[in-house]
$ cat run-v1.cif   # mmCIF, C-alpha atoms
data_work
#
loop_
_atom_site.label_atom_id
_atom_site.label_comp_id
_atom_site.auth_asym_id
_atom_site.auth_seq_id
_atom_site.Cartn_x
_atom_site.Cartn_y
_atom_site.Cartn_z
CA MET A 1 4.02 -13.29 2.91
CA LEU A 2 7.62 -12.88 1.65
CA PRO A 3 9.88 -12.17 4.64
CA VAL A 4 11.45 -8.76 5.14
CA LEU A 5 14.13 -9.13 7.83
CA ASN A 6 12.56 -12.40 8.97
CA ARG A 7 9.04 -10.98 9.31
CA PRO A 8 6.36 -11.41 6.63
CA MET A 9 5.97 -8.22 4.63
CA ILE A 10 2.31 -7.94 5.65
CA GLU A 11 3.39 -7.56 9.29
CA HIS A 12 5.46 -4.49 8.39
CA VAL A 13 2.49 -3.00 6.52
CA VAL A 14 -0.09 -3.74 9.21
CA GLY A 15 2.26 -2.77 12.03
CA HIS A 16 2.74 0.67 10.47
CA LEU A 17 -1.03 1.13 10.34
CA ALA A 18 -1.34 0.04 13.96
CA SER A 19 1.15 2.76 14.97
CA HIS A 20 -1.38 5.29 13.62
CA GLY A 21 -4.34 3.86 15.53
CA VAL A 22 -5.75 1.43 12.96
CA ASP A 23 -7.18 -1.61 14.75
CA ASP A 24 -9.09 -3.45 11.99
CA VAL A 25 -7.62 -4.56 8.67
CA VAL A 26 -9.32 -6.32 5.77
CA LEU A 27 -7.03 -8.45 3.62
CA SER A 28 -8.28 -8.58 0.04
CA LEU A 29 -7.17 -12.02 -1.12
CA GLY A 30 -7.45 -14.07 -4.27
CA TYR A 31 -4.41 -16.15 -5.17
CA ARG A 32 -3.45 -18.71 -2.49
CA PRO A 33 -5.32 -17.13 0.44
CA ASP A 34 -4.57 -20.06 2.76
CA GLY A 35 -1.01 -18.80 3.20
CA PHE A 36 -2.37 -15.82 5.14
CA ARG A 37 -5.01 -17.74 7.06
CA HIS A 38 -2.50 -20.37 8.18
CA ALA A 39 0.02 -17.71 9.21
CA TYR A 40 -2.54 -15.89 11.37
CA PRO A 41 -5.07 -18.52 12.46
CA GLY A 42 -6.24 -16.35 15.33
CA GLY A 43 -7.22 -13.57 12.96
CA ARG A 44 -4.67 -11.08 14.32
CA CYS A 45 -1.52 -9.60 12.79
CA ALA A 46 0.79 -7.09 14.49
CA GLY A 47 -1.86 -6.68 17.20
CA VAL A 48 -4.59 -5.81 14.67
CA ARG A 49 -7.82 -7.71 13.97
CA LEU A 50 -7.95 -9.27 10.51
CA HIS A 51 -10.85 -9.97 8.18
CA TYR A 52 -10.22 -12.16 5.14
CA ALA A 53 -12.12 -11.09 2.00
CA ILE A 54 -11.47 -13.79 -0.61
CA GLU A 55 -12.47 -12.94 -4.17
CA PRO A 56 -14.22 -15.77 -6.03
CA GLU A 57 -12.63 -14.44 -9.25
CA PRO A 58 -10.23 -11.57 -10.12
CA LEU A 59 -12.17 -8.29 -10.00
CA ASP A 60 -9.33 -5.83 -10.82
CA THR A 61 -8.27 -3.03 -8.46
CA ALA A 62 -11.59 -1.22 -7.96
CA GLY A 63 -13.60 -4.42 -8.01
CA ALA A 64 -11.36 -5.83 -5.29
CA ILE A 65 -11.86 -2.73 -3.13
CA ARG A 66 -15.63 -2.91 -3.51
CA PHE A 67 -15.76 -6.65 -2.81
CA ALA A 68 -13.54 -6.39 0.29
CA ALA A 69 -15.46 -3.42 1.71
CA LEU A 70 -18.85 -5.09 1.24
CA ASP A 71 -17.59 -8.44 2.51
CA ALA A 72 -16.33 -6.76 5.70
CA GLY A 73 -19.44 -4.59 6.11
CA ILE A 74 -17.57 -1.29 5.78
CA ASP A 75 -19.96 1.67 5.63
CA HIS A 76 -17.64 4.51 6.67
CA ARG A 77 -14.38 6.11 5.54
CA PHE A 78 -11.52 3.65 5.12
CA LEU A 79 -7.90 3.31 3.99
CA VAL A 80 -6.70 1.24 1.04
CA LEU A 81 -3.08 0.10 0.70
CA ASN A 82 -1.06 -2.03 -1.68
CA GLY A 83 0.32 -4.93 0.32
CA ASP A 84 3.70 -4.95 -1.45
CA VAL A 85 4.54 -1.30 -0.72
CA LEU A 86 6.60 -0.39 2.35
CA THR A 87 6.35 3.23 3.45
CA ASP A 88 6.76 5.56 6.41
CA LEU A 89 3.81 7.69 5.28
CA ASP A 90 2.37 9.78 8.12
CA VAL A 91 -1.06 8.19 7.94
CA THR A 92 -2.48 10.50 10.63
CA ARG A 93 -1.45 13.61 8.69
CA PHE A 94 -2.68 12.03 5.45
CA VAL A 95 -6.19 11.45 6.83
CA ALA A 96 -6.25 14.96 8.34
CA PHE A 97 -5.45 16.45 4.91
CA HIS A 98 -8.30 14.41 3.40
CA ASP A 99 -10.69 15.85 5.99
CA ARG A 100 -9.55 19.45 5.48
CA ALA A 101 -9.88 19.14 1.72
CA GLY A 102 -13.41 17.72 1.95
CA ALA A 103 -12.26 15.05 -0.50
CA GLU A 104 -14.17 12.01 -1.64
CA ALA A 105 -10.85 10.23 -2.09
CA THR A 106 -7.22 11.14 -1.47
CA ILE A 107 -4.12 9.53 -2.95
CA ALA A 108 -0.68 9.46 -1.34
CA LEU A 109 2.01 10.58 -3.80
CA HIS A 110 5.70 9.86 -4.14
CA LYS A 111 8.39 11.36 -6.38
CA VAL A 112 10.30 8.88 -8.58
CA ALA A 113 12.96 9.17 -11.26
CA ASP A 114 11.02 7.08 -13.81
CA PRO A 115 7.25 7.52 -13.47
CA SER A 116 6.43 5.43 -16.56
CA ARG A 117 5.84 2.30 -14.40
CA TYR A 118 3.14 4.00 -12.34
CA GLY A 119 0.03 6.17 -12.34
CA VAL A 120 1.10 9.82 -12.59
CA VAL A 121 -0.89 12.37 -10.57
CA PRO A 122 -0.59 16.13 -11.29
CA THR A 123 -2.42 18.42 -8.83
CA ASP A 124 -3.29 22.10 -8.43
CA ALA A 125 -2.06 24.33 -5.61
CA HIS A 126 -4.75 22.98 -3.25
CA GLY A 127 -3.95 19.32 -3.84
CA ARG A 128 -6.92 18.70 -6.13
CA VAL A 129 -6.00 16.15 -8.81
CA THR A 130 -6.21 17.67 -12.29
CA GLU A 131 -5.43 14.52 -14.26
CA PHE A 132 -4.74 10.84 -13.69
CA VAL A 133 -2.40 9.26 -16.22
CA GLU A 134 -1.84 5.53 -15.83
CA LYS A 135 1.66 4.36 -16.89
CA PRO A 136 2.59 7.14 -19.35
CA PRO A 137 5.25 6.42 -22.03
CA PRO A 138 8.82 7.21 -20.91
CA GLY A 139 9.56 10.91 -21.16
CA GLU A 140 5.91 11.93 -21.53
CA ALA A 141 4.76 12.11 -17.89
CA PRO A 142 3.33 15.52 -16.87
CA THR A 143 4.91 15.17 -13.38
CA ASP A 144 7.27 12.88 -11.47
CA LEU A 145 4.74 12.43 -8.63
CA ILE A 146 3.17 9.00 -8.82
CA ASN A 147 0.33 7.12 -7.18
CA ALA A 148 2.04 5.62 -4.12
CA GLY A 149 -0.66 3.01 -3.48
CA THR A 150 -2.28 4.39 -0.32
CA TYR A 151 -5.77 5.93 -0.45
CA VAL A 152 -8.37 7.37 1.88
CA LEU A 153 -11.83 6.63 0.48
CA GLU A 154 -15.29 7.75 1.50
CA PRO A 155 -17.99 5.04 1.25
CA SER A 156 -19.54 6.92 -1.69
CA VAL A 157 -16.63 5.70 -3.81
CA LEU A 158 -18.08 2.17 -3.63
CA HIS A 159 -21.16 3.38 -5.51
CA ARG A 160 -18.93 4.37 -8.42
CA ILE A 161 -17.78 0.76 -8.93
CA ASP A 162 -19.89 -1.54 -11.12
CA GLY A 163 -20.29 -4.81 -9.22
CA ALA A 164 -21.14 -6.79 -12.35
CA ARG A 165 -17.68 -6.69 -13.98
CA ARG A 166 -13.96 -6.10 -13.49
CA VAL A 167 -13.25 -2.42 -12.77
CA SER A 168 -9.91 -0.60 -12.52
CA VAL A 169 -9.65 2.15 -9.92
CA GLU A 170 -6.76 3.75 -11.83
CA ARG A 171 -8.30 3.68 -15.31
CA GLU A 172 -11.99 4.23 -14.51
CA VAL A 173 -12.83 5.35 -10.99
CA PHE A 174 -10.10 7.93 -10.37
CA PRO A 175 -10.47 9.62 -13.80
CA ALA A 176 -14.22 9.92 -13.18
CA MET A 177 -13.53 11.55 -9.81
CA VAL A 178 -11.07 13.95 -11.44
CA ALA A 179 -13.86 15.02 -13.77
CA ASP A 180 -16.09 15.65 -10.72
CA GLY A 181 -13.35 17.53 -8.82
CA THR A 182 -13.56 15.21 -5.78
CA LEU A 183 -10.12 13.54 -5.96
CA PHE A 184 -7.19 15.00 -4.00
CA ALA A 185 -3.58 13.94 -3.44
CA LEU A 186 -0.74 14.61 -0.99
CA ASP A 187 3.02 14.12 -1.18
CA ASP A 188 4.60 13.95 2.28
CA ASP A 189 8.12 13.09 1.03
CA SER A 190 8.34 9.98 3.24
CA TYR A 191 10.25 6.75 2.69
CA TRP A 192 8.55 4.58 0.06
CA ILE A 193 9.46 1.50 -1.91
CA ASP A 194 7.47 -0.81 -4.19
CA THR A 195 8.87 -4.30 -3.55
CA GLY A 196 7.38 -5.73 -6.75
CA THR A 197 10.73 -6.66 -8.32
CA PRO A 198 13.52 -8.83 -6.90
CA GLN A 199 15.91 -5.86 -6.87
CA GLU A 200 13.51 -3.66 -4.88
CA TYR A 201 12.60 -6.53 -2.56
CA ILE A 202 16.29 -6.84 -1.64
CA GLN A 203 16.69 -3.04 -1.45
CA ALA A 204 13.84 -2.76 1.07
CA GLN A 205 15.77 -5.02 3.44
CA LEU A 206 19.09 -3.24 2.88
CA ASP A 207 17.37 0.06 3.71
CA LEU A 208 16.37 -1.32 7.11
CA LEU A 209 19.81 -2.84 7.72
CA ASP A 210 21.52 0.43 6.79
CA GLY A 211 19.33 2.58 9.03
CA LEU A 212 17.66 4.46 6.18
CA ARG A 213 14.42 4.12 8.15
CA GLY A 214 15.54 5.00 11.67
CA GLU A 215 18.01 2.98 13.68
CA PRO A 216 19.71 0.08 11.82
CA VAL A 217 17.92 -3.23 12.35
CA THR A 218 19.65 -6.59 12.64
CA GLY A 219 18.99 -9.15 9.94
CA ILE A 220 20.03 -12.13 12.06
CA HIS A 221 17.19 -14.34 13.27
CA PRO A 222 17.18 -14.86 17.09
CA SER A 223 17.40 -18.64 16.66
CA VAL A 224 20.76 -18.43 14.87
CA ALA A 225 24.04 -19.10 16.70
CA LEU A 226 26.98 -17.28 15.11
CA ASP A 227 30.63 -18.17 15.51
CA PRO A 228 32.23 -15.52 17.78
CA GLY A 229 34.60 -14.63 14.95
CA ALA A 230 31.90 -14.28 12.31
CA ARG A 231 30.95 -10.89 10.93
CA VAL A 232 27.63 -10.45 9.10
CA ALA A 233 27.31 -7.27 7.06
CA ARG A 234 24.30 -6.08 5.00
CA SER A 235 22.83 -9.56 4.99
CA VAL A 236 19.81 -11.41 6.31
CA VAL A 237 20.27 -14.72 8.11
CA GLY A 238 17.08 -16.74 8.34
CA PRO A 239 15.94 -19.03 11.16
CA ALA A 240 17.98 -22.08 12.12
CA THR A 241 16.69 -25.34 10.65
#

$ encode --input "run-v1.cif" --output "structure tokens"
Amino acid sequence: MLPVLNRPMIEHVVGHLASHGVDDVVLSLGYRPDGFRHAYPGGRCAGVRLHYAIEPEPLDTAGAIRFAALDAGIDHRFLVLNGDVLTDLDVTRFVAFHDRAGAEATIALHKVADPSRYGVVPTDAHGRVTEFVEKPPPGEAPTDLINAGTYVLEPSVLHRIDGARRVSVEREVFPAMVADGTLFALDDDSYWIDTGTPQEYIQAQLDLLDGLRGEPVTGIHPSVALDPGARVARSVVGPAT
């Protein structure tokens, strides 16, 4: 719910999905879910229908996916995204690659300078994942392509997740799929930023202001009246109070 250029971050994420034809989104919630429900009381965000799946207790990454899918009645292929990642990933192309590969699951990849903060994903020439290394020590990563936090999953993946305990998709489910040869990955070299630190949260907004993601976007809220002589540069001005 943190604002990015005066719009909650979730609206940027959901709006990008909507531009690729997604019309139903499940929000997997745990901590302070009322913030989302109060923001979108009509159950719609960026023109997309919302379903709120609220975990009764933390279930870790795979457990959260399983709970949300079952709570929403999902029984077909679906996308999974981290809500604090902003990206211009070509979702349509990503899903098409998943189909061509005959994958059970496909991970979007992104190249970073320091992969030690992330899950590292080496692949073969066909995009099949050969290993999944979660947060390798600095200097020991087998590749600089990391798990970018967007997945296409077939419903069979849900059967791999034990519903009786916390389960990590990165440490348990994906490695098991690597062993079975059913996990694929694709790097489309698109814009990507993980807003999980204050520095990156600010950078995501500067990127929009600077036109790194298309035409430069204004950071001045429509309700604000500026002095004719004022000049606002690389800054966000929130709503008038």

$ residues_near_point --input "run-v1.cif" --point "(26.0, -1.6, 6.4)" --cutoff "6 Å" --atoms "all atoms listed in the file" --output "list in words"
Asp210, Ala233 and Arg234 of chain A

$ closest_residue --input "run-v1.cif" --among "A:Gly42, A:Asn82, A:His76, A:Tyr52" --to "Ile10 of chain A" --atoms "only C-alpha atoms"
A:Asn82

$ closest_residue --input "run-v1.cif" --among "A:Ser223, A:Thr182, A:Ser235, A:Thr218" --to "Glu131 of chain A" --atoms "all atoms listed in the file"
A:Thr182

$ residues_around --input "run-v1.cif" --residues "Val25 of chain A" --least-positions-apart "5" --cutoff "7 Å" --atoms "all atoms listed in the file" --output "list of chain:residue names"
A:Val48, A:Arg49, A:Leu50, A:His51

$ resolve_selection --input "run-v1.cif" --expression "the PyMOL selection byres ((chain A and resi 16) around 10)" --output "list in words"
Ile10, Glu11, His12, Val13, Val14, Gly15, Leu17, Ala18, Ser19, His20, Gly21, Val22, Ala46, Leu86, Thr87, Asp88, Leu89, Asp90 and Val91 of chain A

$ write_last_selection --input "run-v1.cif" --atoms "C-alpha atoms" --output "PDB file, in the coordinates of the input"
ATOM      1  CA  ILE A  10       2.310  -7.940   5.650  1.00  0.00           C
ATOM      2  CA  GLU A  11       3.390  -7.560   9.290  1.00  0.00           C
ATOM      3  CA  HIS A  12       5.460  -4.490   8.390  1.00  0.00           C
ATOM      4  CA  VAL A  13       2.490  -3.000   6.520  1.00  0.00           C
ATOM      5  CA  VAL A  14      -0.090  -3.740   9.210  1.00  0.00           C
ATOM      6  CA  GLY A  15       2.260  -2.770  12.030  1.00  0.00           C
ATOM      7  CA  LEU A  17      -1.030   1.130  10.340  1.00  0.00           C
ATOM      8  CA  ALA A  18      -1.340   0.040  13.960  1.00  0.00           C
ATOM      9  CA  SER A  19       1.150   2.760  14.970  1.00  0.00           C
ATOM     10  CA  HIS A  20      -1.380   5.290  13.620  1.00  0.00           C
ATOM     11  CA  GLY A  21      -4.340   3.860  15.530  1.00  0.00           C
ATOM     12  CA  VAL A  22      -5.750   1.430  12.960  1.00  0.00           C
ATOM     13  CA  ALA A  46       0.790  -7.090  14.490  1.00  0.00           C
ATOM     14  CA  LEU A  86       6.600  -0.390   2.350  1.00  0.00           C
ATOM     15  CA  THR A  87       6.350   3.230   3.450  1.00  0.00           C
ATOM     16  CA  ASP A  88       6.760   5.560   6.410  1.00  0.00           C
ATOM     17  CA  LEU A  89       3.810   7.690   5.280  1.00  0.00           C
ATOM     18  CA  ASP A  90       2.370   9.780   8.120  1.00  0.00           C
ATOM     19  CA  VAL A  91      -1.060   8.190   7.940  1.00  0.00           C
TER      20      VAL A  91
END

$ resolve_selection --input "run-v1.cif" --expression "the PyMOL selection byres ((chain A and resi 28) around 7)" --output "ChimeraX atom specification"
/A:26-27,29,52-54,64,68

$ closest_residue --input "run-v1.cif" --among "A:Gly47, A:Glu140, A:Ala176, A:Val237" --to "Pro222 of chain A" --atoms "all atoms listed in the file"
A:Val237

$ residues_near_point --input "run-v1.cif" --point "(-11.2, -2.5, -7.1)" --cutoff "8 Å" --atoms "only C-alpha atoms" --output "PDB file with C-alpha atoms, keeping the file's coordinate frame"
ATOM      1  CA  LEU A  59     -12.170  -8.290 -10.000  1.00  0.00           C
ATOM      2  CA  ASP A  60      -9.330  -5.830 -10.820  1.00  0.00           C
ATOM      3  CA  THR A  61      -8.270  -3.030  -8.460  1.00  0.00           C
ATOM      4  CA  ALA A  62     -11.590  -1.220  -7.960  1.00  0.00           C
ATOM      5  CA  GLY A  63     -13.600  -4.420  -8.010  1.00  0.00           C
ATOM      6  CA  ALA A  64     -11.360  -5.830  -5.290  1.00  0.00           C
ATOM      7  CA  ILE A  65     -11.860  -2.730  -3.130  1.00  0.00           C
ATOM      8  CA  ARG A  66     -15.630  -2.910  -3.510  1.00  0.00           C
ATOM      9  CA  PHE A  67     -15.760  -6.650  -2.810  1.00  0.00           C
ATOM     10  CA  ILE A 161     -17.780   0.760  -8.930  1.00  0.00           C
ATOM     11  CA  ARG A 166     -13.960  -6.100 -13.490  1.00  0.00           C
ATOM     12  CA  VAL A 167     -13.250  -2.420 -12.770  1.00  0.00           C
ATOM     13  CA  SER A 168      -9.910  -0.600 -12.520  1.00  0.00           C
ATOM     14  CA  VAL A 169      -9.650   2.150  -9.920  1.00  0.00           C
TER      15      VAL A 169
END

$ closest_residue --input "run-v1.cif" --among "A:Leu81, A:Met177, A:Ile74, A:Ala225" --to "Arg160 of chain A" --atoms "all atoms listed in the file"
A:Met177

$ axis_aligned_box --input "run-v1.cif" --around "segment 24-36 of chain A" --padding-each-side "8 Å" --output "lines of an AutoDock Vina configuration file"
center_x = -5.2
center_y = -11.8
center_z = 3.4
size_x = 24.3
size_y = 32.6
size_z = 33.2

$ residues_around --input "run-v1.cif" --residues "Ser116 of chain A" --least-positions-apart "5" --cutoff "9 Å" --atoms "all atoms listed in the file" --output "JSON, numbers by chain"
{"A": [134, 135, 136, 137, 138, 139, 140, 141]}

$ residues_around --input "run-v1.cif" --residues "Val95 of chain A" --least-positions-apart "6" --cutoff "9 Å" --atoms "only C-alpha atoms" --output "ChimeraX atom specification"
/A:79,106,152

$ residues_around --input "run-v1.cif" --residues "segment 153-158 of chain A" --least-positions-apart "5" --cutoff "6 Å" --atoms "only C-alpha atoms" --output "PDB file with C-alpha atoms, in the frame of the given file"
ATOM      1  CA  ARG A  66     -15.630  -2.910  -3.510  1.00  0.00           C
ATOM      2  CA  ASP A  75     -19.960   1.670   5.630  1.00  0.00           C
ATOM      3  CA  HIS A  76     -17.640   4.510   6.670  1.00  0.00           C
ATOM      4  CA  ARG A  77     -14.380   6.110   5.540  1.00  0.00           C
ATOM      5  CA  PHE A  78     -11.520   3.650   5.120  1.00  0.00           C
ATOM      6  CA  GLU A 104     -14.170  12.010  -1.640  1.00  0.00           C
ATOM      7  CA  ALA A 105     -10.850  10.230  -2.090  1.00  0.00           C
TER       8      ALA A 105
END

$ closest_residue --input "run-v1.cif" --among "A:Ala179, A:Val217, A:Ile202, A:Ala101" --to "His126 of chain A" --atoms "all atoms listed in the file"
A:Ala101

$ atom_distance --input "run-v1.cif" --atom1 "atom CA of Gly229 of chain A" --atom2 "atom CA of Val4 of chain A"
25.8 Å

$ closest_residue --input "run-v1.cif" --among "A:Arg93, A:Pro58, A:Pro216, A:Leu183" --to "Phe132 of chain A" --atoms "only C-alpha atoms"
A:Leu183

$ resolve_selection --input "run-v1.cif" --expression "the PyMOL selection byres ((chain A and resi 107) around 10)" --output "list in words"
Val80, Phe94, His98, Ala105, Thr106, Ala108, Leu109, His110, Val121, Gly127, Val129, Ile146, Asn147, Ala148, Gly149, Thr150, Tyr151, Val152, Leu153, Phe174, Leu183, Phe184, Ala185, Leu186 and Asp187 of chain A

$ atom_distance --input "run-v1.cif" --atom1 "atom CA of Pro122 of chain A" --atom2 "atom CA of Pro142 of chain A"
6.8 Å

$ build_atoms --input "run-v1.cif" --residues "segment 35-57 of chain A" --atoms "N, CA, C and O atoms" --output "tab-separated table (two decimals), keeping the file's coordinate frame"
chain	number	residue	atom	x	y	z
A	35	GLY	N	-2.29	-19.18	2.62
A	35	GLY	CA	-1.01	-18.80	3.20
A	35	GLY	C	-1.16	-17.77	4.30
A	35	GLY	O	-0.47	-17.82	5.32
A	36	PHE	N	-2.12	-16.84	4.13
A	36	PHE	CA	-2.37	-15.82	5.14
A	36	PHE	C	-3.16	-16.40	6.31
A	36	PHE	O	-2.87	-16.13	7.47
A	37	ARG	N	-4.17	-17.19	6.00
A	37	ARG	CA	-5.01	-17.74	7.06
A	37	ARG	C	-4.23	-18.70	7.96
A	37	ARG	O	-4.44	-18.74	9.17
A	38	HIS	N	-3.31	-19.46	7.37
A	38	HIS	CA	-2.50	-20.37	8.18
A	38	HIS	C	-1.47	-19.61	9.01
A	38	HIS	O	-1.13	-20.03	10.11
A	39	ALA	N	-0.97	-18.50	8.47
A	39	ALA	CA	0.02	-17.71	9.21
A	39	ALA	C	-0.59	-17.00	10.41
A	39	ALA	O	0.08	-16.81	11.43
A	40	TYR	N	-1.87	-16.63	10.28
A	40	TYR	CA	-2.54	-15.89	11.37
A	40	TYR	C	-3.89	-16.55	11.68
A	40	TYR	O	-4.95	-15.99	11.42
A	41	PRO	N	-3.83	-17.78	12.22
A	41	PRO	CA	-5.07	-18.52	12.46
A	41	PRO	C	-5.98	-17.87	13.48
A	41	PRO	O	-7.19	-18.11	13.48
A	42	GLY	N	-5.42	-17.04	14.34
A	42	GLY	CA	-6.24	-16.35	15.33
A	42	GLY	C	-6.87	-15.08	14.81
A	42	GLY	O	-7.59	-14.39	15.55
A	43	GLY	N	-6.62	-14.76	13.54
A	43	GLY	CA	-7.22	-13.57	12.96
A	43	GLY	C	-6.63	-12.27	13.47
A	43	GLY	O	-7.30	-11.24	13.48
A	44	ARG	N	-5.35	-12.30	13.88
A	44	ARG	CA	-4.67	-11.08	14.32
A	44	ARG	C	-3.27	-11.04	13.72
A	44	ARG	O	-2.60	-12.06	13.61
A	45	CYS	N	-2.85	-9.81	13.35
A	45	CYS	CA	-1.52	-9.60	12.79
A	45	CYS	C	-0.99	-8.28	13.33
A	45	CYS	O	-1.70	-7.26	13.25
A	46	ALA	N	0.19	-8.29	13.92
A	46	ALA	CA	0.79	-7.09	14.49
A	46	ALA	C	-0.15	-6.40	15.47
A	46	ALA	O	-0.21	-5.18	15.55
A	47	GLY	N	-0.93	-7.21	16.20
A	47	GLY	CA	-1.86	-6.68	17.20
A	47	GLY	C	-3.16	-6.17	16.64
A	47	GLY	O	-3.99	-5.62	17.38
A	48	VAL	N	-3.40	-6.35	15.35
A	48	VAL	CA	-4.59	-5.81	14.67
A	48	VAL	C	-5.51	-6.95	14.27
A	48	VAL	O	-5.06	-8.01	13.83
A	49	ARG	N	-6.83	-6.71	14.40
A	49	ARG	CA	-7.82	-7.71	13.97
A	49	ARG	C	-7.84	-7.81	12.45
A	49	ARG	O	-7.81	-6.79	11.74
A	50	LEU	N	-7.92	-9.04	11.94
A	50	LEU	CA	-7.95	-9.27	10.51
A	50	LEU	C	-9.30	-9.81	10.07
A	50	LEU	O	-9.95	-10.57	10.77
A	51	HIS	N	-9.70	-9.38	8.86
A	51	HIS	CA	-10.85	-9.97	8.18
A	51	HIS	C	-10.36	-10.40	6.81
A	51	HIS	O	-9.71	-9.63	6.11
A	52	TYR	N	-10.67	-11.65	6.43
A	52	TYR	CA	-10.22	-12.16	5.14
A	52	TYR	C	-11.35	-12.04	4.12
A	52	TYR	O	-12.40	-12.68	4.28
A	53	ALA	N	-11.15	-11.23	3.09
A	53	ALA	CA	-12.12	-11.09	2.00
A	53	ALA	C	-11.53	-11.79	0.78
A	53	ALA	O	-10.58	-11.29	0.17
A	54	ILE	N	-12.05	-12.95	0.43
A	54	ILE	CA	-11.47	-13.79	-0.61
A	54	ILE	C	-12.31	-13.70	-1.87
A	54	ILE	O	-13.46	-14.17	-1.91
A	55	GLU	N	-11.75	-13.11	-2.91
A	55	GLU	CA	-12.47	-12.94	-4.17
A	55	GLU	C	-12.73	-14.29	-4.83
A	55	GLU	O	-11.81	-15.11	-4.94
A	56	PRO	N	-13.95	-14.53	-5.31
A	56	PRO	CA	-14.22	-15.77	-6.03
A	56	PRO	C	-13.58	-15.79	-7.41
A	56	PRO	O	-13.32	-16.85	-7.98
A	57	GLU	N	-13.30	-14.59	-7.97
A	57	GLU	CA	-12.63	-14.44	-9.25
A	57	GLU	C	-11.96	-13.07	-9.26
A	57	GLU	O	-12.37	-12.17	-8.52
